[in-house]
file upload_32.txt (compact mmCIF, C-alpha atoms and all ligand atoms)
# COMPACT_ATOMS: atom_id res chain seq x y z
CA MET A 1 -5.46 6.38 -21.80
CA SER A 2 -8.70 6.73 -19.88
CA TRP A 3 -9.08 2.93 -19.61
CA ILE A 4 -5.70 2.73 -17.85
CA PHE A 5 -6.90 5.29 -15.35
CA PHE A 6 -10.17 3.38 -14.97
CA LEU A 7 -8.26 0.11 -14.36
CA PHE A 8 -6.01 1.85 -11.85
CA LEU A 9 -9.09 3.16 -10.01
CA ILE A 10 -10.70 -0.29 -9.86
CA LEU A 11 -7.51 -1.96 -8.58
CA THR A 12 -6.97 0.77 -6.01
CA PHE A 13 -10.56 0.66 -4.86
CA SER A 14 -10.58 -3.13 -4.43
CA ALA A 15 -7.25 -3.07 -2.53
CA ALA A 16 -8.56 -0.31 -0.25
CA TYR A 17 -11.81 -2.18 0.32
CA ALA A 18 -9.89 -5.36 1.30
CA ALA A 19 -7.58 -3.36 3.55
CA LEU A 20 -10.58 -1.95 5.41
CA SER A 21 -12.33 -5.30 5.51
CA ALA A 22 -9.68 -7.43 7.26
CA ALA A 23 -6.13 -6.30 6.42
CA PRO A 24 -3.96 -4.51 3.85
CA TRP A 25 -1.57 -6.59 1.77
CA VAL A 26 1.56 -7.38 3.77
CA PRO A 27 3.11 -10.67 2.69
CA THR A 28 4.25 -13.46 5.01
CA ARG A 29 8.04 -13.31 5.08
CA ARG A 30 9.59 -15.92 2.79
CA TRP A 31 11.70 -17.39 5.60
CA ASP A 32 8.56 -17.93 7.71
CA ILE A 33 6.72 -20.00 5.09
CA ASP A 34 8.75 -23.14 5.94
CA ARG A 35 8.14 -22.56 9.63
CA LEU A 36 4.40 -22.28 9.30
CA LEU A 37 4.11 -25.28 6.99
CA GLN A 38 6.18 -27.41 9.37
CA LEU A 39 3.85 -26.35 12.14
CA ALA A 40 0.77 -27.24 10.11
CA GLN A 41 2.15 -30.68 9.10
CA PRO A 42 0.00 -30.86 5.94
CA LYS A 43 -0.70 -34.30 4.49
CA PRO A 44 -1.24 -35.02 0.78
CA GLY A 45 -4.87 -34.57 -0.20
CA GLU A 46 -5.79 -32.38 2.75
CA LYS A 47 -7.52 -29.04 2.06
CA LEU A 48 -5.62 -25.96 3.09
CA TYR A 49 -7.43 -22.62 2.98
CA GLU A 50 -5.51 -19.37 3.06
CA LEU A 51 -7.85 -16.55 4.05
CA GLY A 52 -6.65 -13.36 2.39
CA CYS A 53 -4.04 -15.16 0.30
CA GLY A 54 -2.38 -12.04 -1.13
CA ASP A 55 -0.06 -13.05 -3.97
CA GLY A 56 -0.59 -16.75 -3.20
CA ARG A 57 2.95 -17.50 -2.03
CA VAL A 58 1.86 -19.57 1.00
CA VAL A 59 -0.98 -21.56 -0.52
CA VAL A 60 1.06 -22.44 -3.63
CA ALA A 61 4.09 -23.44 -1.53
CA ALA A 62 1.86 -25.74 0.53
CA ALA A 63 0.42 -27.40 -2.57
CA LYS A 64 3.85 -27.73 -4.20
CA ARG A 65 5.75 -29.10 -1.21
CA TYR A 66 3.08 -31.11 0.61
CA GLY A 67 0.59 -32.12 -2.09
CA VAL A 68 -2.38 -30.48 -0.42
CA LYS A 69 -5.37 -29.06 -2.27
CA GLY A 70 -4.79 -25.34 -1.78
CA ILE A 71 -7.63 -22.82 -1.74
CA GLY A 72 -6.60 -19.18 -1.61
CA VAL A 73 -9.30 -16.58 -0.94
CA GLU A 74 -8.56 -12.97 -1.87
CA LEU A 75 -10.68 -9.85 -2.28
CA SER A 76 -8.18 -7.45 -3.82
CA LEU A 77 -8.21 -7.80 -7.61
CA LEU A 78 -4.50 -7.18 -8.13
CA GLN A 79 -3.36 -9.68 -5.48
CA ALA A 80 -5.93 -12.24 -6.61
CA GLY A 81 -4.68 -11.88 -10.20
CA VAL A 82 -1.06 -12.43 -9.18
CA ALA A 83 -2.07 -15.40 -7.00
CA PHE A 84 -4.08 -16.86 -9.87
CA LEU A 85 -1.09 -16.63 -12.24
CA ARG A 86 1.25 -18.08 -9.62
CA ALA A 87 -1.14 -21.00 -9.05
CA LYS A 88 -1.51 -21.64 -12.80
CA LEU A 89 2.25 -21.53 -13.45
CA SER A 90 2.97 -23.81 -10.48
CA LYS A 91 0.78 -26.56 -12.00
CA THR A 92 -0.26 -27.50 -8.47
CA ASN A 93 -3.68 -28.35 -7.14
CA THR A 94 -4.40 -24.76 -6.14
CA GLN A 95 -7.57 -22.78 -6.63
CA ILE A 96 -7.77 -19.02 -6.14
CA LYS A 97 -11.17 -17.61 -5.26
CA LEU A 98 -11.92 -13.92 -5.74
CA ALA A 99 -14.18 -13.69 -2.71
CA ASN A 100 -14.72 -12.20 0.71
CA LEU A 101 -13.12 -14.49 3.29
CA PHE A 102 -16.03 -13.93 5.68
CA HIS A 103 -18.38 -15.51 3.13
CA VAL A 104 -16.41 -18.64 2.22
CA HIS A 105 -17.56 -21.90 3.82
CA LEU A 106 -14.85 -23.68 5.74
CA ARG A 107 -16.62 -26.93 6.63
CA ASP A 108 -14.25 -29.06 4.54
CA ALA A 109 -11.04 -27.30 5.66
CA ASP A 110 -8.31 -29.42 7.25
CA ILE A 111 -5.97 -26.45 7.68
CA VAL A 112 -6.65 -22.71 7.65
CA TYR A 113 -3.86 -20.15 7.46
CA LEU A 114 -4.46 -16.49 8.17
CA PHE A 115 -2.49 -13.30 8.54
CA LEU A 116 -4.96 -10.45 9.08
CA MET A 117 -5.33 -7.43 11.32
CA PRO A 118 -6.18 -8.27 14.93
CA GLU A 119 -9.53 -6.43 14.63
CA ALA A 120 -10.71 -9.10 12.16
CA TYR A 121 -9.93 -12.01 14.49
CA GLN A 122 -12.96 -11.63 16.75
CA ARG A 123 -15.25 -11.95 13.75
CA ILE A 124 -13.35 -14.80 12.14
CA ARG A 125 -13.22 -16.71 15.44
CA ALA A 126 -17.02 -16.92 15.55
CA LYS A 127 -16.97 -18.21 11.96
CA PHE A 128 -14.34 -20.85 12.84
CA GLU A 129 -16.36 -21.99 15.85
CA ALA A 130 -19.47 -22.36 13.70
CA GLU A 131 -17.88 -24.04 10.68
CA LEU A 132 -14.59 -25.83 11.33
CA LYS A 133 -14.73 -29.59 11.76
CA PRO A 134 -13.15 -31.28 14.81
CA GLY A 135 -9.42 -31.77 14.30
CA ALA A 136 -9.02 -28.88 11.85
CA ARG A 137 -5.81 -26.88 12.38
CA VAL A 138 -5.64 -23.10 12.29
CA ILE A 139 -2.33 -21.30 11.91
CA SER A 140 -2.20 -17.61 12.68
CA TYR A 141 0.78 -15.43 11.84
CA VAL A 142 1.84 -12.61 14.19
CA TRP A 143 -1.40 -12.33 16.23
CA PRO A 144 -3.18 -14.91 18.35
CA ILE A 145 -6.87 -15.66 18.03
CA PRO A 146 -8.58 -14.02 21.02
CA GLU A 147 -9.87 -16.37 23.74
CA TRP A 148 -8.44 -19.48 22.08
CA GLU A 149 -5.71 -21.52 23.74
CA PRO A 150 -2.94 -22.26 21.22
CA THR A 151 -1.67 -25.84 20.98
CA ILE A 152 1.77 -24.54 19.99
CA VAL A 153 3.31 -21.06 19.93
CA ASP A 154 6.35 -20.92 17.67
CA HIS A 155 8.37 -18.04 19.06
CA LYS A 156 11.80 -17.33 17.56
CA GLU A 157 13.95 -14.37 18.52
CA GLY A 158 13.74 -11.66 15.84
CA LYS A 159 10.95 -13.46 13.93
CA CYS A 160 7.18 -13.18 13.93
CA ASP A 161 5.21 -15.50 16.20
CA LEU A 162 3.16 -18.35 14.81
CA PHE A 163 0.17 -19.84 16.63
CA LEU A 164 -1.22 -23.31 15.98
CA TYR A 165 -4.73 -24.18 17.13
CA ARG A 166 -6.51 -27.52 16.88
CA ARG A 167 -10.32 -27.61 16.95
C1 LIG B 201 -1.66 -9.23 5.68
S1 LIG B 201 -2.07 -9.70 4.02
C2 LIG B 201 -1.55 -11.41 4.02
C3 LIG B 201 -1.35 -11.96 2.64
C4 LIG B 201 -0.98 -13.45 2.58
N1 LIG B 201 -1.86 -14.23 3.41
C5 LIG B 201 0.43 -13.67 3.05
O1 LIG B 201 0.56 -14.11 4.19
O2 LIG B 201 1.38 -13.40 2.31
C6 LIG B 201 -3.85 -9.82 4.10
C7 LIG B 201 -4.55 -10.09 2.79
O3 LIG B 201 -5.94 -10.27 3.02
C8 LIG B 201 -6.67 -9.67 1.96
N2 LIG B 201 -8.02 -9.39 2.47
C9 LIG B 201 -8.39 -8.43 3.36
N3 LIG B 201 -9.69 -8.51 3.63
C10 LIG B 201 -10.19 -9.55 2.90
C11 LIG B 201 -11.47 -10.14 2.76
N4 LIG B 201 -12.54 -9.68 3.44
N5 LIG B 201 -11.60 -11.22 1.96
C12 LIG B 201 -10.53 -11.71 1.26
N6 LIG B 201 -9.29 -11.18 1.35
C13 LIG B 201 -9.11 -10.12 2.16
C14 LIG B 201 -5.87 -8.43 1.61
O4 LIG B 201 -6.14 -7.97 0.31
C15 LIG B 201 -4.43 -8.97 1.76
O5 LIG B 201 -3.94 -9.48 0.55

call {"tool": "encode", "arguments": {"input": "upload_32.txt", "output": "structure tokens"}}
result
Amino acid sequence: MSWIFFLFLILTFSAAYAALSAAPWVPTRRWDIDRLLQLAQPKPGEKLYELGCGDGRVVVAAAKRYGVKGIGVELSLLQAGVAFLRAKLSKTNTQIKLANLFHVHLRDADIVYLFLMPEAYQRIRAKFEAELKPGARVISYVWPIPEWEPTIVDHKEGKCDLFLYRR
């Protein structure tokens, strides 16, 4: 019984740590996944990173529908485990990394998707400016990236905003 409690503690601790680091787990709404992928216009073989991929629903959908190489980065053990299983079962070209999104290199990213707390965006913006190659697209859900001019803002009544940026 004590190992169940121990496991529970580890899962809770890692989820709390991730929540404090950049955002708690709140999934992208299912009906917005199509919208954001249409905005990103992924092409087969491109690399799509999802920073804080949660249960992997977005990165796996991108790999399944558009043939991209999906890379989901997640710090919370429970979410990373679910994303890993989802990726395996989907038989798509998706890799899930148990890692801190602030420490993952993004030099080869064609597309980056993120849905984090606004407080994390200042820090991630500096990372994008240092690492992203020219032409890379960044899609942000709900919040804009401070001081960046979006190429497109997808605003639909009653839905969350989506922001597309092109480096
Ligand atoms: C708002 S949720 C979005 C989940 C997923 N992207 C989606 O749209 O369904 C943010 C996710 O980022 C993860 N996260 C927070 N800080 C992180 C960090 N430093 N490195 C990796 N993942 C992190 C959380 O565990 C959570 O699953």

call {"tool": "residues_near_ligand", "arguments": {"input": "upload_32.txt", "ligand": "ligand LIG 201 (chain B)", "cutoff": "6 Å", "atoms": "only C-alpha atoms and all ligand atoms", "output": "JSON, numbers by chain"}}
result
{"A": [15, 18, 19, 21, 22, 23, 24, 25, 26, 27, 28, 52, 53, 54, 73, 74, 75, 76, 99, 100, 101, 102, 114, 115, 116]}

call {"tool": "closest_residue", "arguments": {"input": "upload_32.txt", "among": "A:Ile145, A:Leu51, A:Val138, A:Val59", "to": "Asn93 in chain A", "atoms": "only C-alpha atoms"}}
result
A:Val59

call {"tool": "residues_around", "arguments": {"input": "upload_32.txt", "residues": "range 107-113 of chain A", "least_positions_apart": "3", "cutoff": "8 Å", "atoms": "only C-alpha atoms", "output": "MDAnalysis selection string"}}
result
chainID A and resid 40 42 46:51 131:133 135:141

call {"tool": "closest_residue", "arguments": {"input": "upload_32.txt", "among": "A:Met117, A:Ala130, A:Val142, A:Ile10", "to": "His155 in chain A", "atoms": "only C-alpha atoms"}}
result
A:Val142

call {"tool": "closest_residue", "arguments": {"input": "upload_32.txt", "among": "A:Leu37, A:Ala87, A:Leu106, A:Leu77", "to": "Arg65 in chain A", "atoms": "all atoms listed in the file"}}
result
A:Leu37
